[in-house]
Every structure is written in structure tokens, then in C-alpha cells.
Amino acid sequence: MLRVPDNVSLEEASMTEPAAVALHAVRRSQARLGDSVAVFGLGPIGLMVAQWLRALGAAPIVLFDIQPEKLEIARKLGFEHAYDSRSDNPLDVVNRVTGNRGVHVAIEAAGVPQTMRSALEVTRRSGRVVLLGNPAADVTLPAGLISQIMRREVDLLGVWNSDFSVYGDDDDWRTVLAAMSSGTLNLKPLVTHRVPLNQGIAALEMMRTQSEFFNKVLIHPNP
């Protein structure tokens, strides 16, 4: 059991698990102060990843998605380099932002073939690519891209879930709650829906069919 800090709302605390997953991915990436990073996929976890990277002092942080609403949330959170990858080619954007050097770290948080390929394309020599998004389909890599990865000696890192310790160590979950308490993480703008429990099934159906835009959906007990 973890105590929620007094200044952290229950809404914020309910997002501890995905925020811990995001932190775990960033820790796995070994991103450091001044590292350039590209994040592909701006769902709740992708936006949490971006905030963790900013807290570490990574810069520039270049974000990509195909939904204007998610890009707008990113900009409201203070991320100026947020691009629609349908109209802005990620490799061209990264080359422009980094002076043709590529990023130190690319984090793939969408789980689709194109963003996985893009993450590999934009990473510089000796850089690192973190696979965070659950894969939606098989990924086929062109031989030329595989050759580039080999020549650039890019590290490909898998990540799964987060670290939690029942013994009270400095794990991902405790770090998340401390970051919420200090204001390092700003999670409320990620919430697009607050749904009472008796409308939970309808909310899940909306998410399944994607009948409207959503980012983070919170289901509350009935009043």
C-alpha cells in the first residue's frame, strides 16, 4: 500500500500506474541532461514520457502524432516541437531540429509499424530506441534501414510495465507520487473524460469504436 500525498488529488493518483510505466521507459532509455529525444505517439503515456524527459533536462524534445487534439494538448503542456507526422516527415523534422545529427533517444509509444520505422530512422550513431507501445501489427524493416541501424550501432531496447518494491525502495511508483506532489508532473490536462460508474460500459464502447476523441478517460464512483 502506498500513501497518496496530501496535495495529490485522487484523480491524479489514479494515473500513478501509467505514469510509472512512462518513467520506467525513460529510465530504460538512459536519457540524460541535454540529450535530444523524439517521442512517437502522444497518448497519455507518451505525454507522460515527454514530461519525464523535460524533468531530466533532455532537449530538444520532438513529439509526433497524427491527431491534432493530442498535439494541442502537448503544446498546452509547453512542448513547442509537436508535429503531425502525416504532414511533417519525422526524419526531415529531426534533421532540422538537431542540425542533421539525429536524436540521442527515440521512444516509440504508438505501437504501429510506421512509427517504429521512423524511430529507427531518426536515431543518431550510438543512439537508443525504446519500444514502449504495444505492437498493433507486424513490422517489416527495409534492408537499407537495417544496414543503417547496424552502421550507426543503434541500441534497440524493449520495456515492459514498471518497477515496484513492497520494501519501500526508490521504485517507479513512489517516484511518480513524489513528482505529482512537487508539481513535476502535470497530469490533469491529459484527462478528456470523467465518467460516472453507471456510464462506464458506454465509455468503454466509445473507446473501442473511437466514436469521439479521447485521451485519458477516468471512471468515477456514482455520486
# chains A, B, ... in the order shown; residues from 1 in each chain; ligands from 1
>>> closest_atom_pairs(of="range 117-195 of chain A", to="range 64-81 of chain A", cutoff="10 Å", atoms="only C-alpha atoms", output="JSON lines")
{"residue": "A:Asn186", "atom": "CA", "partner": "A:Leu77", "partner_atom": "CA", "distance": 7.9}
{"residue": "A:Leu187", "atom": "CA", "partner": "A:Leu77", "partner_atom": "CA", "distance": 9.5}
{"residue": "A:Pro189", "atom": "CA", "partner": "A:Ile73", "partner_atom": "CA", "distance": 7.1}
{"residue": "A:Leu190", "atom": "CA", "partner": "A:Ile73", "partner_atom": "CA", "distance": 7.2}
>>> write_last_selection(atoms="N, CA and C atoms", output="mmCIF file, in the first residue's frame")
data_model
loop_
_atom_site.group_PDB
_atom_site.id
_atom_site.type_symbol
_atom_site.label_atom_id
_atom_site.label_comp_id
_atom_site.auth_asym_id
_atom_site.auth_seq_id
_atom_site.Cartn_x
_atom_site.Cartn_y
_atom_site.Cartn_z
ATOM 1 N N ASN A 186 2.335 17.188 -14.580
ATOM 2 C CA ASN A 186 1.054 17.877 -14.696
ATOM 3 C C ASN A 186 0.120 16.964 -15.486
ATOM 4 N N LEU A 187 -0.700 16.196 -14.785
ATOM 5 C CA LEU A 187 -1.477 15.150 -15.434
ATOM 6 C C LEU A 187 -2.922 15.531 -15.725
ATOM 7 N N PRO A 189 -4.321 17.953 -17.447
ATOM 8 C CA PRO A 189 -4.682 18.265 -18.827
ATOM 9 C C PRO A 189 -4.811 17.036 -19.729
ATOM 10 N N LEU A 190 -4.335 15.880 -19.274
ATOM 11 C CA LEU A 190 -4.427 14.664 -20.072
ATOM 12 C C LEU A 190 -5.819 14.052 -20.037
#
>>> select_by_dssp(residues="chain A", states="alpha helix (DSSP H)", output="PyMOL selection string")
chain A and resi 10-13+16-29+44-56+68-76+90-98+113-121+143-152+172-182+200-209
>>> closest_residue(among="A:Gln199, A:Thr123, A:Asn222, A:Thr140", to="Val154 in chain A", atoms="only C-alpha atoms")
A:Thr123
>>> closest_atom_pairs(of="range 69-134 of chain A", to="range 159-163 of chain A", cutoff="12 Å", atoms="only C-alpha atoms", output="Markdown table")
| residue | atom | partner | partner_atom | distance |
| --- | --- | --- | --- | --- |
| A:Ile107 | CA | A:Val159 | CA | 10.3 |
| A:Glu108 | CA | A:Val159 | CA | 10.5 |
| A:Ala109 | CA | A:Val159 | CA | 10.6 |
| A:Val129 | CA | A:Val159 | CA | 10.5 |
| A:Val130 | CA | A:Val159 | CA | 6.9 |
| A:Leu131 | CA | A:Val159 | CA | 6.3 |
| A:Leu132 | CA | A:Val159 | CA | 5.7 |
| A:Gly133 | CA | A:Val159 | CA | 9.0 |
| A:Asn134 | CA | A:Trp160 | CA | 9.4 |
>>> atom_distance(atom1="CA of Arg208 in chain A", atom2="CA of Pro196 in chain A")
17.8 Å
>>> closest_residue(among="A:Val4, A:Ala20, A:Ala82, A:Leu42", to="Leu185 in chain A", atoms="only C-alpha atoms")
A:Ala20
>>> atom_distance(atom1="CA of Asp84 in chain A", atom2="CA of Leu63 in chain A")
8.7 Å
>>> decode(residues="range 61-88 of chain A", atoms="C-alpha atoms", output="PDB file, in the first residue's frame")
ATOM      1  CA  ILE A  61      12.145  17.032 -27.165  1.00  0.00           C
ATOM      2  CA  VAL A  62      10.421  16.420 -30.502  1.00  0.00           C
ATOM      3  CA  LEU A  63       6.915  14.943 -30.399  1.00  0.00           C
ATOM      4  CA  PHE A  64       4.924  13.248 -33.159  1.00  0.00           C
ATOM      5  CA  ASP A  65       1.305  12.144 -33.516  1.00  0.00           C
ATOM      6  CA  ILE A  66      -1.413  12.183 -36.167  1.00  0.00           C
ATOM      7  CA  GLN A  67      -4.282  13.528 -34.024  1.00  0.00           C
ATOM      8  CA  PRO A  68      -4.491  17.339 -33.845  1.00  0.00           C
ATOM      9  CA  GLU A  69      -6.161  17.184 -30.420  1.00  0.00           C
ATOM     10  CA  LYS A  70      -3.205  15.309 -28.911  1.00  0.00           C
ATOM     11  CA  LEU A  71      -0.744  17.712 -30.487  1.00  0.00           C
ATOM     12  CA  GLU A  72      -2.724  20.584 -28.989  1.00  0.00           C
ATOM     13  CA  ILE A  73      -2.529  19.024 -25.515  1.00  0.00           C
ATOM     14  CA  ALA A  74       1.240  18.697 -25.957  1.00  0.00           C
ATOM     15  CA  ARG A  75       1.545  22.362 -26.885  1.00  0.00           C
ATOM     16  CA  LYS A  76      -0.589  23.409 -23.914  1.00  0.00           C
ATOM     17  CA  LEU A  77       1.840  21.465 -21.727  1.00  0.00           C
ATOM     18  CA  GLY A  78       4.629  23.647 -23.118  1.00  0.00           C
ATOM     19  CA  PHE A  79       6.144  21.419 -25.804  1.00  0.00           C
ATOM     20  CA  GLU A  80       6.867  23.608 -28.816  1.00  0.00           C
ATOM     21  CA  HIS A  81       8.208  20.829 -31.045  1.00  0.00           C
ATOM     22  CA  ALA A  82       4.952  18.914 -31.617  1.00  0.00           C
ATOM     23  CA  TYR A  83       4.328  17.751 -35.180  1.00  0.00           C
ATOM     24  CA  ASP A  84       1.705  15.940 -37.239  1.00  0.00           C
ATOM     25  CA  SER A  85       3.683  13.131 -38.855  1.00  0.00           C
ATOM     26  CA  ARG A  86       1.177  12.928 -41.717  1.00  0.00           C
ATOM     27  CA  SER A  87       2.268  16.337 -42.995  1.00  0.00           C
ATOM     28  CA  ASP A  88       5.711  16.728 -41.389  1.00  0.00           C
TER      29      ASP A  88
END
